[in-house]
>>> print(open('start.pdb').read())   # PDB, C-alpha atoms, pLDDT in the B column
MODEL        1
ATOM      1  CA  MET A   1     -26.227 -21.101 -51.134  1.00 66.00           C
ATOM      2  CA  ASP A   2     -23.306 -21.639 -48.744  1.00 84.00           C
ATOM      3  CA  LYS A   3     -23.116 -19.290 -45.786  1.00 87.00           C
ATOM      4  CA  LEU A   4     -19.857 -18.016 -44.328  1.00 88.00           C
ATOM      5  CA  PHE A   5     -19.470 -17.060 -40.671  1.00 89.00           C
ATOM      6  CA  ILE A   6     -16.138 -16.035 -39.163  1.00 88.00           C
ATOM      7  CA  GLY A   7     -15.666 -15.488 -35.453  1.00 86.00           C
ATOM      8  CA  TRP A   8     -12.308 -14.826 -33.821  1.00 83.00           C
ATOM      9  CA  ASP A   9     -10.267 -12.893 -31.317  1.00 85.00           C
ATOM     10  CA  PHE A  10      -8.723 -10.508 -33.855  1.00 84.00           C
ATOM     11  CA  ASN A  11      -6.929  -8.423 -31.182  1.00 84.00           C
ATOM     12  CA  GLY A  12      -7.728  -5.214 -33.044  1.00 84.00           C
ATOM     13  CA  HIS A  13      -9.939  -2.243 -32.293  1.00 80.00           C
ATOM     14  CA  ILE A  14     -12.191  -1.130 -35.163  1.00 86.00           C
ATOM     15  CA  GLY A  15     -13.260   1.973 -33.215  1.00 82.00           C
ATOM     16  CA  SER A  16     -16.627   3.647 -32.948  1.00 82.00           C
ATOM     17  CA  SER A  17     -16.288   5.603 -36.193  1.00 82.00           C
ATOM     18  CA  ALA A  18     -16.888   3.970 -39.588  1.00 82.00           C
ATOM     19  CA  SER A  19     -14.899   6.676 -41.423  1.00 85.00           C
ATOM     20  CA  GLY A  20     -13.920   5.190 -44.769  1.00 86.00           C
ATOM     21  CA  TYR A  21     -15.371   1.752 -43.985  1.00 89.00           C
ATOM     22  CA  GLY A  22     -19.125   2.377 -44.092  1.00 87.00           C
ATOM     23  CA  GLU A  23     -19.824  -0.770 -46.149  1.00 88.00           C
ATOM     24  CA  VAL A  24     -18.264  -3.091 -43.509  1.00 88.00           C
ATOM     25  CA  HIS A  25     -18.599  -1.105 -40.253  1.00 88.00           C
ATOM     26  CA  GLY A  26     -22.036  -0.326 -38.816  1.00 83.00           C
ATOM     27  CA  CYS A  27     -20.957   2.565 -36.538  1.00 83.00           C
ATOM     28  CA  PHE A  28     -21.982   0.739 -33.347  1.00 81.00           C
ATOM     29  CA  SER A  29     -18.682  -0.137 -31.735  1.00 83.00           C
ATOM     30  CA  CYS A  30     -16.512   1.278 -28.991  1.00 80.00           C
ATOM     31  CA  GLY A  31     -13.011   2.620 -28.514  1.00 80.00           C
ATOM     32  CA  VAL A  32     -10.519   4.068 -30.941  1.00 84.00           C
ATOM     33  CA  ARG A  33      -9.316   2.308 -34.102  1.00 83.00           C
ATOM     34  CA  ASN A  34      -5.787   0.899 -34.082  1.00 88.00           C
ATOM     35  CA  GLY A  35      -3.599  -0.798 -36.712  1.00 89.00           C
ATOM     36  CA  GLY A  36      -5.088  -4.244 -36.043  1.00 88.00           C
ATOM     37  CA  GLY A  37      -8.588  -2.832 -36.438  1.00 87.00           C
ATOM     38  CA  THR A  38      -7.645  -1.158 -39.718  1.00 90.00           C
ATOM     39  CA  SER A  39      -6.253  -4.481 -40.986  1.00 92.00           C
ATOM     40  CA  LEU A  40      -9.487  -6.242 -40.014  1.00 90.00           C
ATOM     41  CA  LEU A  41     -11.587  -3.586 -41.780  1.00 91.00           C
ATOM     42  CA  ASP A  42      -9.408  -3.867 -44.907  1.00 93.00           C
ATOM     43  CA  PHE A  43      -9.792  -7.661 -44.819  1.00 92.00           C
ATOM     44  CA  ALA A  44     -13.573  -7.347 -44.494  1.00 92.00           C
ATOM     45  CA  ARG A  45     -13.730  -4.879 -47.385  1.00 93.00           C
ATOM     46  CA  ALA A  46     -11.523  -7.036 -49.648  1.00 94.00           C
ATOM     47  CA  PHE A  47     -13.661 -10.137 -49.129  1.00 94.00           C
ATOM     48  CA  GLU A  48     -17.046  -8.345 -49.088  1.00 92.00           C
ATOM     49  CA  LEU A  49     -17.737  -9.125 -45.434  1.00 93.00           C
ATOM     50  CA  VAL A  50     -19.442  -7.077 -42.754  1.00 92.00           C
ATOM     51  CA  ILE A  51     -18.502  -6.891 -39.062  1.00 89.00           C
ATOM     52  CA  VAL A  52     -21.726  -7.990 -37.389  1.00 89.00           C
ATOM     53  CA  ASN A  53     -20.824  -6.647 -33.904  1.00 87.00           C
ATOM     54  CA  SER A  54     -20.950  -3.126 -35.259  1.00 86.00           C
ATOM     55  CA  ILE A  55     -24.407  -3.348 -36.882  1.00 85.00           C
ATOM     56  CA  PHE A  56     -26.683  -3.379 -33.842  1.00 84.00           C
ATOM     57  CA  PRO A  57     -26.889  -0.518 -31.344  1.00 82.00           C
ATOM     58  CA  LYS A  58     -25.948  -1.623 -27.837  1.00 83.00           C
ATOM     59  CA  GLU A  59     -24.839   0.059 -24.645  1.00 82.00           C
ATOM     60  CA  GLU A  60     -21.060   0.193 -24.364  1.00 78.00           C
ATOM     61  CA  GLU A  61     -21.078  -2.413 -21.577  1.00 77.00           C
ATOM     62  CA  ASN A  62     -22.775  -4.855 -23.974  1.00 78.00           C
ATOM     63  CA  LEU A  63     -20.133  -4.308 -26.669  1.00 78.00           C
ATOM     64  CA  ILE A  64     -17.193  -5.316 -24.461  1.00 79.00           C
ATOM     65  CA  THR A  65     -15.864  -8.764 -25.449  1.00 80.00           C
ATOM     66  CA  PHE A  66     -12.703  -8.803 -23.309  1.00 79.00           C
ATOM     67  CA  ARG A  67     -12.479  -7.732 -19.705  1.00 77.00           C
ATOM     68  CA  SER A  68      -9.460  -7.835 -17.422  1.00 77.00           C
ATOM     69  CA  MET A  69      -8.379  -5.966 -14.299  1.00 79.00           C
ATOM     70  CA  VAL A  70      -6.621  -3.438 -16.545  1.00 80.00           C
ATOM     71  CA  ALA A  71      -8.815  -3.091 -19.624  1.00 78.00           C
ATOM     72  CA  LYS A  72     -12.313  -3.432 -21.070  1.00 79.00           C
ATOM     73  CA  THR A  73     -12.177  -3.694 -24.855  1.00 80.00           C
ATOM     74  CA  GLN A  74     -13.887  -5.044 -27.926  1.00 80.00           C
ATOM     75  CA  ILE A  75     -11.451  -7.326 -29.749  1.00 81.00           C
ATOM     76  CA  ASP A  76     -13.621 -10.339 -30.656  1.00 85.00           C
ATOM     77  CA  TYR A  77     -15.667 -10.007 -33.823  1.00 86.00           C
ATOM     78  CA  LEU A  78     -18.143 -11.950 -35.930  1.00 87.00           C
ATOM     79  CA  LEU A  79     -18.011 -11.500 -39.697  1.00 90.00           C
ATOM     80  CA  LEU A  80     -20.587 -12.429 -42.319  1.00 92.00           C
ATOM     81  CA  ARG A  81     -20.815 -11.992 -46.080  1.00 92.00           C
ATOM     82  CA  ARG A  82     -22.266  -8.602 -46.903  1.00 90.00           C
ATOM     83  CA  CYS A  83     -24.946 -10.147 -49.139  1.00 89.00           C
ATOM     84  CA  ASP A  84     -26.133 -12.262 -46.166  1.00 88.00           C
ATOM     85  CA  LYS A  85     -26.329  -9.313 -43.777  1.00 87.00           C
ATOM     86  CA  GLY A  86     -30.130  -9.502 -43.825  1.00 86.00           C
ATOM     87  CA  LEU A  87     -30.021 -12.962 -42.232  1.00 88.00           C
ATOM     88  CA  CYS A  88     -28.527 -11.580 -39.039  1.00 86.00           C
ATOM     89  CA  GLU A  89     -31.234 -10.639 -36.558  1.00 87.00           C
ATOM     90  CA  ASP A  90     -29.019  -9.677 -33.605  1.00 85.00           C
ATOM     91  CA  CYS A  91     -25.498  -9.905 -32.256  1.00 83.00           C
ATOM     92  CA  LYS A  92     -24.837  -9.695 -28.547  1.00 84.00           C
ATOM     93  CA  VAL A  93     -22.307 -10.301 -25.814  1.00 82.00           C
ATOM     94  CA  ILE A  94     -23.334 -12.750 -23.109  1.00 81.00           C
ATOM     95  CA  SER A  95     -21.687 -11.911 -19.806  1.00 74.00           C
ATOM     96  CA  SER A  96     -21.099 -14.819 -17.497  1.00 70.00           C
ATOM     97  CA  GLU A  97     -18.851 -15.481 -14.551  1.00 61.00           C
ATOM     98  CA  ASN A  98     -18.729 -19.159 -15.514  1.00 55.00           C
ATOM     99  CA  LEU A  99     -16.340 -18.587 -18.414  1.00 51.00           C
ATOM    100  CA  VAL A 100     -12.766 -19.526 -17.603  1.00 56.00           C
ATOM    101  CA  THR A 101     -11.163 -16.924 -19.882  1.00 71.00           C
ATOM    102  CA  GLN A 102     -11.469 -13.159 -19.744  1.00 79.00           C
ATOM    103  CA  HIS A 103     -13.346 -13.213 -23.029  1.00 77.00           C
ATOM    104  CA  ARG A 104     -17.094 -12.894 -22.973  1.00 79.00           C
ATOM    105  CA  LEU A 105     -19.305 -15.050 -25.154  1.00 80.00           C
ATOM    106  CA  LEU A 106     -20.307 -13.382 -28.423  1.00 81.00           C
ATOM    107  CA  VAL A 107     -23.382 -14.756 -30.202  1.00 82.00           C
ATOM    108  CA  MET A 108     -25.222 -13.999 -33.419  1.00 83.00           C
ATOM    109  CA  ASP A 109     -28.903 -14.722 -34.027  1.00 83.00           C
ATOM    110  CA  ILE A 110     -29.576 -15.656 -37.633  1.00 86.00           C
ATOM    111  CA  GLY A 111     -32.748 -16.587 -39.469  1.00 87.00           C
ATOM    112  CA  ILE A 112     -32.401 -19.026 -42.334  1.00 78.00           C
ATOM    113  CA  LEU A 113     -35.460 -20.230 -44.239  1.00 78.00           C
ATOM    114  CA  ILE A 114     -35.230 -23.756 -45.572  1.00 78.00           C
ATOM    115  CA  LYS A 115     -37.199 -24.283 -48.745  1.00 77.00           C
ATOM    116  CA  ARG A 116     -39.272 -27.438 -48.893  1.00 75.00           C
ATOM    117  CA  LYS A 117     -38.721 -29.789 -51.778  1.00 72.00           C
ATOM    118  CA  LYS A 118     -41.552 -29.896 -54.265  1.00 67.00           C
ATOM    119  CA  ARG A 119     -43.510 -33.123 -54.188  1.00 66.00           C
ATOM    120  CA  PHE A 120     -44.192 -33.134 -57.895  1.00 61.00           C
ATOM    121  CA  VAL A 121     -43.232 -31.182 -60.960  1.00 64.00           C
ATOM    122  CA  ARG A 122     -45.961 -29.236 -62.702  1.00 68.00           C
ATOM    123  CA  GLY A 123     -46.894 -30.619 -66.106  1.00 67.00           C
ATOM    124  CA  GLN A 124     -46.136 -34.235 -65.218  1.00 66.00           C
ATOM    125  CA  PRO A 125     -49.151 -36.496 -64.706  1.00 68.00           C
ATOM    126  CA  ARG A 126     -49.707 -37.699 -61.158  1.00 69.00           C
ATOM    127  CA  ILE A 127     -50.910 -41.182 -60.291  1.00 68.00           C
ATOM    128  CA  ARG A 128     -53.848 -41.030 -57.901  1.00 73.00           C
ATOM    129  CA  TRP A 129     -53.896 -44.510 -56.439  1.00 73.00           C
ATOM    130  CA  GLY A 130     -56.671 -43.592 -53.989  1.00 76.00           C
ATOM    131  CA  SER A 131     -59.177 -43.310 -56.835  1.00 77.00           C
ATOM    132  CA  LEU A 132     -58.335 -46.785 -58.230  1.00 81.00           C
ATOM    133  CA  THR A 133     -61.519 -48.898 -58.306  1.00 84.00           C
ATOM    134  CA  LYS A 134     -61.808 -52.635 -58.871  1.00 83.00           C
ATOM    135  CA  ASP A 135     -62.848 -52.124 -62.509  1.00 86.00           C
ATOM    136  CA  THR A 136     -59.987 -49.721 -63.324  1.00 83.00           C
ATOM    137  CA  GLY A 137     -57.618 -52.050 -61.453  1.00 80.00           C
ATOM    138  CA  MET A 138     -58.656 -54.966 -63.689  1.00 82.00           C
ATOM    139  CA  GLU A 139     -58.236 -52.747 -66.755  1.00 85.00           C
ATOM    140  CA  LEU A 140     -54.758 -51.746 -65.558  1.00 80.00           C
ATOM    141  CA  GLU A 141     -53.882 -55.407 -64.953  1.00 78.00           C
ATOM    142  CA  GLY A 142     -54.895 -56.260 -68.522  1.00 80.00           C
ATOM    143  CA  LYS A 143     -52.761 -53.465 -69.985  1.00 81.00           C
ATOM    144  CA  LEU A 144     -49.749 -54.509 -67.890  1.00 76.00           C
ATOM    145  CA  ALA A 145     -50.178 -58.139 -68.944  1.00 76.00           C
ATOM    146  CA  MET A 146     -50.190 -57.091 -72.630  1.00 78.00           C
ATOM    147  CA  MET A 147     -47.024 -55.073 -72.044  1.00 76.00           C
ATOM    148  CA  GLY A 148     -45.293 -58.147 -70.564  1.00 70.00           C
ATOM    149  CA  ALA A 149     -45.358 -56.961 -66.965  1.00 60.00           C
ATOM    150  CA  TRP A 150     -45.989 -59.554 -64.255  1.00 55.00           C
ATOM    151  CA  LYS A 151     -49.360 -61.046 -63.747  1.00 54.00           C
ATOM    152  CA  SER A 152     -51.411 -60.770 -60.584  1.00 54.00           C
ATOM    153  CA  GLY A 153     -51.647 -63.616 -58.090  1.00 60.00           C
ATOM    154  CA  GLY A 154     -49.012 -66.024 -56.880  1.00 61.00           C
ATOM    155  CA  ASP A 155     -45.977 -65.672 -54.664  1.00 65.00           C
ATOM    156  CA  ALA A 156     -44.574 -62.105 -54.378  1.00 63.00           C
ATOM    157  CA  SER A 157     -40.983 -63.303 -53.792  1.00 64.00           C
ATOM    158  CA  GLY A 158     -41.151 -65.444 -56.911  1.00 64.00           C
ATOM    159  CA  LYS A 159     -42.395 -62.468 -58.919  1.00 60.00           C
ATOM    160  CA  TRP A 160     -39.476 -60.280 -57.776  1.00 59.00           C
ATOM    161  CA  THR A 161     -37.009 -63.034 -58.680  1.00 61.00           C
ATOM    162  CA  ALA A 162     -38.642 -63.599 -62.085  1.00 59.00           C
ATOM    163  CA  THR A 163     -38.693 -59.844 -62.803  1.00 55.00           C
ATOM    164  CA  ALA A 164     -35.057 -59.426 -61.774  1.00 54.00           C
ATOM    165  CA  ILE A 165     -33.926 -62.175 -64.168  1.00 52.00           C
ATOM    166  CA  VAL A 166     -35.800 -60.689 -67.140  1.00 49.00           C
TER     167      VAL A 166
ENDMDL
END
>>> encode(input="start.pdb", output="structure tokens")
Amino acid sequence: MDKLFIGWDFNGHIGSSASGYGEVHGCFSCGVRNGGGTSLLDFARAFELVIVNSIFPKEEENLITFRSMVAKTQIDYLLLRRCDKGLCEDCKVISSENLVTQHRLLVMDIGILIKRKKRFVRGQPRIRWGSLTKDTGMELEGKLAMMGAWKSGGDASGKWTATAIV
């Protein structure tokens, strides 16, 4: 049930072509693959990951994760287990002039459903205290008294102390 997310400046270019890496590369990337990109793709394949940046179609300007005076490239990537690929709803670059570095913010939208805990297990009897009447309460008190449970009436603190000693 654990989820694995990896995000990093890998300094490699995976290129726009998935050739040979279709299970980890979604064909929506930019540039030409280099040695660092090939290493990243091999890593993703070996550990059954997928490069999330390459899954969603975007304009080239919205794929760029690093921008300097000299270059505009995609070198920052988000990786996710291949079996959890369906959780990812979108991956996008947020451009902002407020960032100190030349890297642009890369975000992934995921949807995770949290299952609620069951309140009771089927097959086990449930106690419905709301339907307890005075008569059934007296009957219950009698049964508890015969079993050796504490009796009604008296000081509650004394009852807890007496029960704890027994």
>>> atom_distance(input="start.pdb", atom1="atom CA of A:Ser54", atom2="atom CA of A:Cys30")
8.9 Å
>>> residues_around(input="start.pdb", residues="A:Cys88", least_positions_apart="3", cutoff="12 Å", atoms="all atoms listed in the file", output="list in words")
Lys3, Phe5, Val50, Ile51, Val52, Asn53, Ser54, Ile55, Phe56, Leu78, Leu79, Leu80, Arg81, Arg82, Cys83, Asp84, Lys85, Cys91, Lys92, Val107, Met108, Asp109, Ile110, Gly111 and Ile112 of chain A
>>> atom_distance(input="start.pdb", atom1="atom CA of A:Ala18", atom2="atom CA of A:Ile64")
17.8 Å
>>> resolve_selection(input="start.pdb", expression="the PyMOL selection byres ((chain A and resi 7) around 6)", output="VMD selection string")
chain A and resid 6 8 77 to 78
>>> atom_distance(input="start.pdb", atom1="atom CA of A:Leu49", atom2="atom CA of A:Asn11")
17.9 Å
>>> closest_residue(input="start.pdb", among="A:Asn62, A:Phe28, A:Arg45, A:Gly86", to="A:Leu113", atoms="only C-alpha atoms")
A:Gly86
>>> resolve_selection(input="start.pdb", expression="the PyMOL selection byres ((chain A and resi 15) around 8)", output="PyMOL selection string")
chain A and resi 13-14+16-18+29-34+37
